[in-house]
Amino acid sequence: MEFPGEKFDVIVVGAGIMGSSAAYQLAKRGQKTLLLEQFDFLHHRGSSHGESRTIRATYPEDYYHPMVLESCLLWEQAQSEIGYKVYFKAHQFDMGPSENKSLRSVIASCRKNSVPHQVLDCRQVLEKYSGRIEIPENWVGVATELGGVIKPTKAVSMFQTLAIKNGAVLRDNMEVKTVLKVKDAVKGGVTVVTSNGEKFWGKKCVVTAGAWVGKLVKRITGLELPIQAVETTVCYWRIKEGNEADYAVGGDFPSFASYGDPYIYGTPSLEYPGLIKIALHGGYPCDPDRRPWGPGLLLDSLKEWIQGRFAGRVDSNGPVATQLCMYSITPDEDFVIDFLGGEFGEDVVVAGGFSGHGFKMAPAVGRILADLVLSGEAQGVELQHFRISRFKENPKGNVKDYEDQVSFSVHPQ
């Protein structure tokens with residue numbers, strides 16, 4: 001029986017950070033790999049573009065820690081192969097009310113995973129950061145060594161370039177319409193069909209379609225994944241004159257996160273000199289094909305937070321620059337990494353729902369996806385937390401004894 005189109009060992013659908021990392025891992029292992037992207041490569045319509053992402057090992061959940069550690073090593077390995085940097089190291093500082101369950105779980109996870117850390121009161125925080133960060137008296141801070149900034153568009157480009165160097169084929173403006181199981185008992189595999197009518201055969205397929213993963217999986221199998229696309233706004237604030245160097249990457253100012261309502265995160269000044277990234281972790285639920293494209297979240301709580309944290313050294317009147325991005329949120333804010341199952345068995349692996357915190361772990365996720373699609377299992381990761389079936393057992397997914405961190409807002413009409 002003849003099969004139309006080109007033939008590959010593995011076809012990866014979606015060329016954001018996860019798909020590009022997986023394509024690199026597969027090509028490096030000698031697999032004939034095809035990476036398909038529905039828009040232009042390095043487009044700004046999804047979740048993998050922009051100027052910075054944070055990296056941290058401080059999680060309330062124990063199971064992310066080994067993935068972050070592995071990713072740090074793999075970021076550095078990929079950098080050595082390409083010859084330039086995408087990962088800029090800093091320390092990490094987490095803060096919040098002393099009774100906050102998520103922050104208490106972060107501290108417990110640090111202890112369990114033997115992560116060197118300091119738990120600091122407000123006076124110790126002032127001393128450690130020379131007055132650049134202030135927290136209220138009823139708050140605590142957690143200082144750890146592993147933090148920093150990743151350059152996202154540059155990182156995606158790095159993995160795509162390395163994939164090509166290792167023999168992968170990359171095609172953009174190729175929207176995948178569906179994936180079909182090949183019924184031939186000898187040949188097997190899958191056929192990937194694009195909206196322009198092209199067909200590609202692969203022994204295996206990896207679906208990493210970001211905010212579109214729910215739509216694509218539904219077209220393939222009818223399965224409804226509980227993954228909600230969310231439009232979020234990243235904000236940059238002006239550091240007051242004379243203080244720029246104190247908040248710049250390369251010194252001792254950390255990447256940071258503030259637990260509570262709202263959850264706030266930020267990075268040292270890097271991409272725009274004199275500006276610091278401070279943003280709310282949340283946004284507006286939306287259809288990725290019919291986005292509102294702003295306006296962003298109401299910023300009153302963020303302005304108030306900046307006034308209270310940076311001793312008047314950052315202008316809190318309003319952000320001087322904003323950028324839009326997409327999250328793909330699951331009910332428990334944990335990833336989906338699993339076989340699609342059904343008639344596809346272990347021929348198709350799906351990864352999505354990275355819930356606004358997955359970028360840092362892309363190198364490990366790429367390795368895990370390559371392992372799953374080639375051998376049916378992956379070492380060094382607790383995959384039961386990422387199974388699709390968890391939502392059948394409990395629509396809310398994994399049970400957690402602490403607060404959600406993503407804030408949802410109803411978009412103003």
# chains A, B, ... in the order shown; residues from 1 in each chain; ligands from 1
$ residues_around --residues "region 354-364 of chain A" --least-positions-apart "5" --cutoff "7 Å" --atoms "only C-alpha atoms" --output "short mmCIF file (atom, residue, chain, number, x, y, z; two decimals) with N, CA and C atoms, in the first residue's frame"
data_model
loop_
_atom_site.label_atom_id
_atom_site.label_comp_id
_atom_site.auth_asym_id
_atom_site.auth_seq_id
_atom_site.Cartn_x
_atom_site.Cartn_y
_atom_site.Cartn_z
N ILE A 17 8.02 26.81 21.98
CA ILE A 17 9.20 26.34 22.72
C ILE A 17 9.15 24.83 22.97
N MET A 18 7.98 24.27 23.27
CA MET A 18 7.91 22.84 23.59
C MET A 18 8.15 21.99 22.34
N SER A 21 11.82 22.33 21.20
CA SER A 21 12.70 21.56 22.08
C SER A 21 12.59 20.07 21.80
N THR A 54 10.91 33.93 33.45
CA THR A 54 11.67 33.64 34.67
C THR A 54 12.00 32.15 34.74
N ILE A 55 13.04 31.85 35.50
CA ILE A 55 13.34 30.47 35.85
C ILE A 55 13.52 30.42 37.36
N MET A 67 12.48 18.65 37.34
CA MET A 67 12.36 19.10 35.95
C MET A 67 13.07 20.43 35.73
N VAL A 68 13.02 21.30 36.76
CA VAL A 68 13.72 22.58 36.64
C VAL A 68 15.23 22.36 36.68
N GLU A 70 16.94 19.68 35.83
CA GLU A 70 17.36 19.09 34.56
C GLU A 70 17.37 20.14 33.46
N SER A 71 16.36 20.99 33.44
CA SER A 71 16.28 22.02 32.40
C SER A 71 17.44 23.00 32.48
N LEU A 74 20.21 21.41 30.73
CA LEU A 74 19.96 21.30 29.29
C LEU A 74 19.97 22.66 28.60
N TRP A 75 19.55 23.72 29.31
CA TRP A 75 19.69 25.08 28.74
C TRP A 75 21.16 25.36 28.46
N TYR A 327 -1.61 32.32 27.81
CA TYR A 327 -1.47 31.17 28.68
C TYR A 327 -2.42 30.08 28.18
N SER A 328 -2.13 28.85 28.57
CA SER A 328 -3.06 27.72 28.36
C SER A 328 -3.22 27.05 29.71
N ILE A 329 -4.34 27.32 30.37
CA ILE A 329 -4.50 26.99 31.79
C ILE A 329 -5.32 25.72 31.97
N THR A 330 -4.82 24.79 32.79
CA THR A 330 -5.61 23.64 33.23
C THR A 330 -6.25 23.98 34.58
N GLU A 333 -3.61 23.89 37.14
CA GLU A 333 -2.40 24.60 36.73
C GLU A 333 -1.20 23.67 36.56
N ASP A 334 -1.45 22.37 36.43
CA ASP A 334 -0.41 21.40 36.10
C ASP A 334 -0.46 21.08 34.61
N PHE A 335 0.66 20.59 34.10
CA PHE A 335 0.78 20.31 32.67
C PHE A 335 -0.07 19.11 32.25
#
$ select_by_dssp --residues "region 149-279 of chain A" --states "strand (DSSP E or B)" --output "PyMOL selection string"
chain A and resi 149-150+169-171+176-181+190-194+199-207+228-239+248+255-258+264-267+269+275-279
$ closest_residue --among "A:Asp94, A:Glu99, A:Glu175, A:Glu198" --to "Ala143 (chain A)" --atoms "only C-alpha atoms"
A:Asp94
$ closest_residue --among "A:Arg387, A:Tyr259, A:Val169, A:Ala351" --to "Lys101 (chain A)" --atoms "only C-alpha atoms"
A:Tyr259
$ closest_residue --among "A:Ser52, A:Thr191, A:Gln92, A:Ser20" --to "Cys205 (chain A)" --atoms "only C-alpha atoms"
A:Thr191
$ residues_around --residues "region 147-159 of chain A" --least-positions-apart "2" --cutoff "9 Å" --atoms "only C-alpha atoms" --output "PyMOL selection string"
chain A and resi 15-18+20-25+41-43+48-58+75+78-79+82+84-93+144-145+161-164+249+254-256+267-268+270-271+359-360
$ closest_residue --among "A:Leu383, A:Leu223, A:Ala279, A:Met174" --to "Leu369 (chain A)" --atoms "only C-alpha atoms"
A:Leu383
$ atom_distance --atom1 "CA of Leu302 (chain A)" --atom2 "CA of Pro262 (chain A)"
8.0 Å
$ residues_around --residues "Asp315 (chain A)" --least-positions-apart "5" --cutoff "9 Å" --atoms "only C-alpha atoms" --output "ChimeraX atom specification"
/A:237-240,303,306-307
$ closest_residue --among "A:Pro395, A:Gly83, A:Gly308, A:Gly294" --to "Ile135 (chain A)" --atoms "only C-alpha atoms"
A:Gly308
$ closest_residue --among "A:Gln384, A:Asn398, A:Gln323, A:Ser389" --to "Ser47 (chain A)" --atoms "only C-alpha atoms"
A:Gln323
$ select_by_dssp --residues "region 65-198 of chain A" --states "helix (DSSP H, G or I)" --output "PyMOL selection string"
chain A and resi 65-82+101-112+122-128+152-165
$ write_last_selection --atoms "C-alpha atoms" --output "JSON list (two decimals), in the first residue's frame"
[["chain", "number", "residue", "atom", "x", "y", "z"],
["A", 65, "HIS", "CA", 11.86, 20.63, 41.14],
["A", 66, "PRO", "CA", 13.72, 17.83, 39.28],
["A", 67, "MET", "CA", 12.36, 19.10, 35.95],
["A", 68, "VAL", "CA", 13.72, 22.58, 36.64],
["A", 69, "LEU", "CA", 17.13, 21.25, 37.68],
["A", 70, "GLU", "CA", 17.36, 19.09, 34.56],
["A", 71, "SER", "CA", 16.28, 22.02, 32.40],
["A", 72, "CYS", "CA", 19.01, 24.27, 33.82],
["A", 73, "LEU", "CA", 21.61, 21.75, 32.69],
["A", 74, "LEU", "CA", 19.96, 21.30, 29.29],
["A", 75, "TRP", "CA", 19.69, 25.08, 28.74],
["A", 76, "GLU", "CA", 23.43, 25.31, 29.28],
["A", 77, "GLN", "CA", 24.13, 22.32, 27.06],
["A", 78, "ALA", "CA", 22.09, 23.77, 24.19],
["A", 79, "GLN", "CA", 23.82, 27.14, 24.65],
["A", 80, "SER", "CA", 27.19, 25.44, 24.32],
["A", 81, "GLU", "CA", 26.04, 23.78, 21.08],
["A", 82, "ILE", "CA", 24.70, 26.98, 19.51],
["A", 101, "LYS", "CA", -0.35, 28.21, 52.15],
["A", 102, "SER", "CA", 1.39, 28.28, 48.76],
["A", 103, "LEU", "CA", 4.45, 30.04, 50.18],
["A", 104, "ARG", "CA", 4.54, 27.68, 53.15],
["A", 105, "SER", "CA", 4.44, 24.79, 50.67],
["A", 106, "VAL", "CA", 7.34, 26.38, 48.76],
["A", 107, "ILE", "CA", 9.39, 26.37, 51.98],
["A", 108, "ALA", "CA", 8.40, 22.76, 52.73],
["A", 109, "SER", "CA", 9.34, 21.73, 49.18],
["A", 110, "CYS", "CA", 12.73, 23.43, 49.51],
["A", 111, "ARG", "CA", 13.37, 21.42, 52.67],
["A", 112, "LYS", "CA", 12.16, 18.15, 51.13],
["A", 122, "CYS", "CA", 11.10, 42.07, 56.82],
["A", 123, "ARG", "CA", 14.25, 43.42, 58.49],
["A", 124, "GLN", "CA", 16.44, 40.67, 57.06],
["A", 125, "VAL", "CA", 14.99, 41.32, 53.59],
["A", 126, "LEU", "CA", 15.89, 45.03, 53.85],
["A", 127, "GLU", "CA", 19.42, 44.09, 54.86],
["A", 128, "LYS", "CA", 19.91, 41.38, 52.21],
["A", 152, "PRO", "CA", 12.08, 33.28, 24.82],
["A", 153, "THR", "CA", 12.10, 34.14, 21.10],
["A", 154, "LYS", "CA", 15.87, 33.64, 21.03],
["A", 155, "ALA", "CA", 15.44, 30.29, 22.83],
["A", 156, "VAL", "CA", 12.86, 29.03, 20.32],
["A", 157, "SER", "CA", 15.16, 30.07, 17.48],
["A", 158, "MET", "CA", 18.04, 28.25, 19.18],
["A", 159, "PHE", "CA", 16.19, 24.94, 19.39],
["A", 160, "GLN", "CA", 14.92, 25.26, 15.82],
["A", 161, "THR", "CA", 18.44, 25.98, 14.54],
["A", 162, "LEU", "CA", 19.88, 23.03, 16.47],
["A", 163, "ALA", "CA", 17.08, 20.79, 15.16],
["A", 164, "ILE", "CA", 17.95, 21.78, 11.58],
["A", 165, "LYS", "CA", 21.66, 21.19, 12.27]]
$ atom_distance --atom1 "CA of Val349 (chain A)" --atom2 "CA of Gly188 (chain A)"
15.7 Å
$ residues_around --residues "region 181-187 of chain A" --least-positions-apart "6" --cutoff "9 Å" --atoms "only C-alpha atoms" --output "PyMOL selection string"
chain A and resi 1+201+203+343-344+347
$ write_last_selection --atoms "all heavy atoms" --output "short mmCIF file (atom, residue, chain, number, x, y, z; two decimals), in the first residue's frame"
data_model
loop_
_atom_site.label_atom_id
_atom_site.label_comp_id
_atom_site.auth_asym_id
_atom_site.auth_seq_id
_atom_site.Cartn_x
_atom_site.Cartn_y
_atom_site.Cartn_z
N MET A 1 0.85 -1.20 0.00
CA MET A 1 0.00 0.00 0.00
C MET A 1 0.88 1.25 0.00
O MET A 1 1.81 1.36 0.81
CB MET A 1 -0.90 -0.01 1.25
CG MET A 1 -1.85 1.17 1.32
SD MET A 1 -2.91 1.03 2.79
CE MET A 1 -3.80 2.55 2.68
N TRP A 201 3.35 11.30 6.40
CA TRP A 201 3.24 10.08 7.20
C TRP A 201 4.34 10.05 8.23
O TRP A 201 5.49 10.42 7.97
CB TRP A 201 3.36 8.84 6.30
CG TRP A 201 3.29 7.56 7.09
CD1 TRP A 201 2.18 6.89 7.48
CD2 TRP A 201 4.41 6.83 7.63
NE1 TRP A 201 2.51 5.78 8.22
CE2 TRP A 201 3.88 5.71 8.33
CE3 TRP A 201 5.78 7.00 7.59
CZ2 TRP A 201 4.69 4.79 8.98
CZ3 TRP A 201 6.60 6.08 8.25
CH2 TRP A 201 6.04 4.98 8.93
N LYS A 203 5.82 7.61 11.76
CA LYS A 203 5.65 6.49 12.69
C LYS A 203 4.97 6.97 13.97
O LYS A 203 4.14 6.27 14.55
CB LYS A 203 7.02 5.89 13.03
CG LYS A 203 7.74 5.19 11.90
CD LYS A 203 9.10 4.68 12.38
CE LYS A 203 9.93 4.12 11.24
NZ LYS A 203 11.31 3.78 11.69
N GLU A 343 -7.62 4.90 19.59
CA GLU A 343 -7.10 4.16 18.43
C GLU A 343 -5.62 4.49 18.17
O GLU A 343 -4.92 3.71 17.52
CB GLU A 343 -7.92 4.48 17.18
CG GLU A 343 -7.81 5.92 16.70
CD GLU A 343 -8.48 6.13 15.34
OE1 GLU A 343 -8.66 5.15 14.61
OE2 GLU A 343 -8.81 7.29 15.04
N PHE A 344 -5.13 5.61 18.72
CA PHE A 344 -3.74 5.99 18.48
C PHE A 344 -2.77 5.29 19.43
O PHE A 344 -1.57 5.27 19.17
CB PHE A 344 -3.59 7.51 18.63
CG PHE A 344 -4.30 8.29 17.56
CD1 PHE A 344 -5.56 8.81 17.80
CD2 PHE A 344 -3.71 8.48 16.32
CE1 PHE A 344 -6.22 9.53 16.81
CE2 PHE A 344 -4.37 9.20 15.33
CZ PHE A 344 -5.62 9.72 15.57
N ASP A 347 1.05 6.04 19.75
CA ASP A 347 1.62 6.65 18.55
C ASP A 347 1.59 8.18 18.58
O ASP A 347 2.34 8.83 17.86
CB ASP A 347 0.86 6.18 17.29
CG ASP A 347 1.20 4.74 16.92
OD1 ASP A 347 2.18 4.20 17.49
OD2 ASP A 347 0.49 4.16 16.08
#
$ atom_distance --atom1 "CA of Gly30 (chain A)" --atom2 "CA of Lys199 (chain A)"
22.4 Å
$ residues_around --residues "Ala370 (chain A)" --least-positions-apart "2" --cutoff "8 Å" --atoms "only C-alpha atoms" --output "list in words"
Ala22, Gln25, Leu26, Gly366, Arg367, Ile368, Leu372, Val373 and Leu374 of chain A
$ write_last_selection --atoms "all heavy atoms" --output "PDB file, in the first residue's frame"
ATOM      1  N   ALA A  22      11.356  19.579  21.583  1.00  0.00           N
ATOM      2  CA  ALA A  22      11.153  18.156  21.272  1.00  0.00           C
ATOM      3  C   ALA A  22      11.789  17.793  19.928  1.00  0.00           C
ATOM      4  O   ALA A  22      12.424  16.741  19.799  1.00  0.00           O
ATOM      5  CB  ALA A  22       9.663  17.826  21.261  1.00  0.00           C
ATOM      6  N   GLN A  25      15.484  17.436  20.388  1.00  0.00           N
ATOM      7  CA  GLN A  25      15.817  16.181  21.064  1.00  0.00           C
ATOM      8  C   GLN A  25      15.697  14.985  20.116  1.00  0.00           C
ATOM      9  O   GLN A  25      16.553  14.095  20.104  1.00  0.00           O
ATOM     10  CB  GLN A  25      14.898  15.986  22.273  1.00  0.00           C
ATOM     11  CG  GLN A  25      15.241  16.850  23.471  1.00  0.00           C
ATOM     12  CD  GLN A  25      16.402  16.288  24.274  1.00  0.00           C
ATOM     13  OE1 GLN A  25      16.761  15.125  24.148  1.00  0.00           O
ATOM     14  NE2 GLN A  25      17.013  17.126  25.104  1.00  0.00           N
ATOM     15  N   LEU A  26      14.640  14.965  19.321  1.00  0.00           N
ATOM     16  CA  LEU A  26      14.411  13.838  18.407  1.00  0.00           C
ATOM     17  C   LEU A  26      15.454  13.795  17.301  1.00  0.00           C
ATOM     18  O   LEU A  26      16.014  12.728  16.992  1.00  0.00           O
ATOM     19  CB  LEU A  26      13.003  13.937  17.822  1.00  0.00           C
ATOM     20  CG  LEU A  26      11.865  13.651  18.802  1.00  0.00           C
ATOM     21  CD1 LEU A  26      10.557  14.241  18.302  1.00  0.00           C
ATOM     22  CD2 LEU A  26      11.729  12.138  19.021  1.00  0.00           C
ATOM     23  N   GLY A 366      10.949  18.661  26.374  1.00  0.00           N
ATOM     24  CA  GLY A 366      11.374  18.134  25.075  1.00  0.00           C
ATOM     25  C   GLY A 366      11.999  16.760  25.194  1.00  0.00           C
ATOM     26  O   GLY A 366      11.714  15.861  24.385  1.00  0.00           O
ATOM     27  N   ARG A 367      12.829  16.592  26.215  1.00  0.00           N
ATOM     28  CA  ARG A 367      13.466  15.285  26.453  1.00  0.00           C
ATOM     29  C   ARG A 367      12.421  14.227  26.812  1.00  0.00           C
ATOM     30  O   ARG A 367      12.448  13.091  26.309  1.00  0.00           O
ATOM     31  CB  ARG A 367      14.499  15.431  27.583  1.00  0.00           C
ATOM     32  CG  ARG A 367      15.376  14.208  27.812  1.00  0.00           C
ATOM     33  CD  ARG A 367      14.790  13.171  28.738  1.00  0.00           C
ATOM     34  NE  ARG A 367      14.511  13.675  30.077  1.00  0.00           N
ATOM     35  CZ  ARG A 367      13.865  12.983  30.992  1.00  0.00           C
ATOM     36  NH1 ARG A 367      13.368  11.769  30.721  1.00  0.00           N
ATOM     37  NH2 ARG A 367      13.626  13.506  32.197  1.00  0.00           N
ATOM     38  N   ILE A 368      11.466  14.608  27.670  1.00  0.00           N
ATOM     39  CA  ILE A 368      10.417  13.679  28.092  1.00  0.00           C
ATOM     40  C   ILE A 368       9.554  13.258  26.899  1.00  0.00           C
ATOM     41  O   ILE A 368       9.235  12.079  26.732  1.00  0.00           O
ATOM     42  CB  ILE A 368       9.557  14.327  29.199  1.00  0.00           C
ATOM     43  CG1 ILE A 368      10.370  14.452  30.491  1.00  0.00           C
ATOM     44  CG2 ILE A 368       8.272  13.542  29.434  1.00  0.00           C
ATOM     45  CD1 ILE A 368       9.791  15.446  31.486  1.00  0.00           C
ATOM     46  N   LEU A 372       9.029   9.508  25.500  1.00  0.00           N
ATOM     47  CA  LEU A 372       7.708   8.879  25.436  1.00  0.00           C
ATOM     48  C   LEU A 372       7.402   8.364  24.039  1.00  0.00           C
ATOM     49  O   LEU A 372       6.908   7.244  23.869  1.00  0.00           O
ATOM     50  CB  LEU A 372       6.628   9.874  25.865  1.00  0.00           C
ATOM     51  CG  LEU A 372       6.535  10.195  27.353  1.00  0.00           C
ATOM     52  CD1 LEU A 372       5.523  11.300  27.593  1.00  0.00           C
ATOM     53  CD2 LEU A 372       6.163   8.956  28.164  1.00  0.00           C
ATOM     54  N   VAL A 373       7.690   9.180  23.038  1.00  0.00           N
ATOM     55  CA  VAL A 373       7.304   8.810  21.683  1.00  0.00           C
ATOM     56  C   VAL A 373       8.206   7.713  21.123  1.00  0.00           C
ATOM     57  O   VAL A 373       7.786   6.932  20.263  1.00  0.00           O
ATOM     58  CB  VAL A 373       7.277  10.071  20.783  1.00  0.00           C
ATOM     59  CG1 VAL A 373       8.636  10.422  20.242  1.00  0.00           C
ATOM     60  CG2 VAL A 373       6.254   9.930  19.681  1.00  0.00           C
ATOM     61  N   LEU A 374       9.438   7.598  21.638  1.00  0.00           N
ATOM     62  CA  LEU A 374      10.364   6.598  21.118  1.00  0.00           C
ATOM     63  C   LEU A 374      10.355   5.293  21.922  1.00  0.00           C
ATOM     64  O   LEU A 374      10.533   4.216  21.353  1.00  0.00           O
ATOM     65  CB  LEU A 374      11.793   7.166  21.076  1.00  0.00           C
ATOM     66  CG  LEU A 374      12.007   8.352  20.120  1.00  0.00           C
ATOM     67  CD1 LEU A 374      13.454   8.832  20.193  1.00  0.00           C
ATOM     68  CD2 LEU A 374      11.636   7.981  18.689  1.00  0.00           C
TER      69      LEU A 374
END
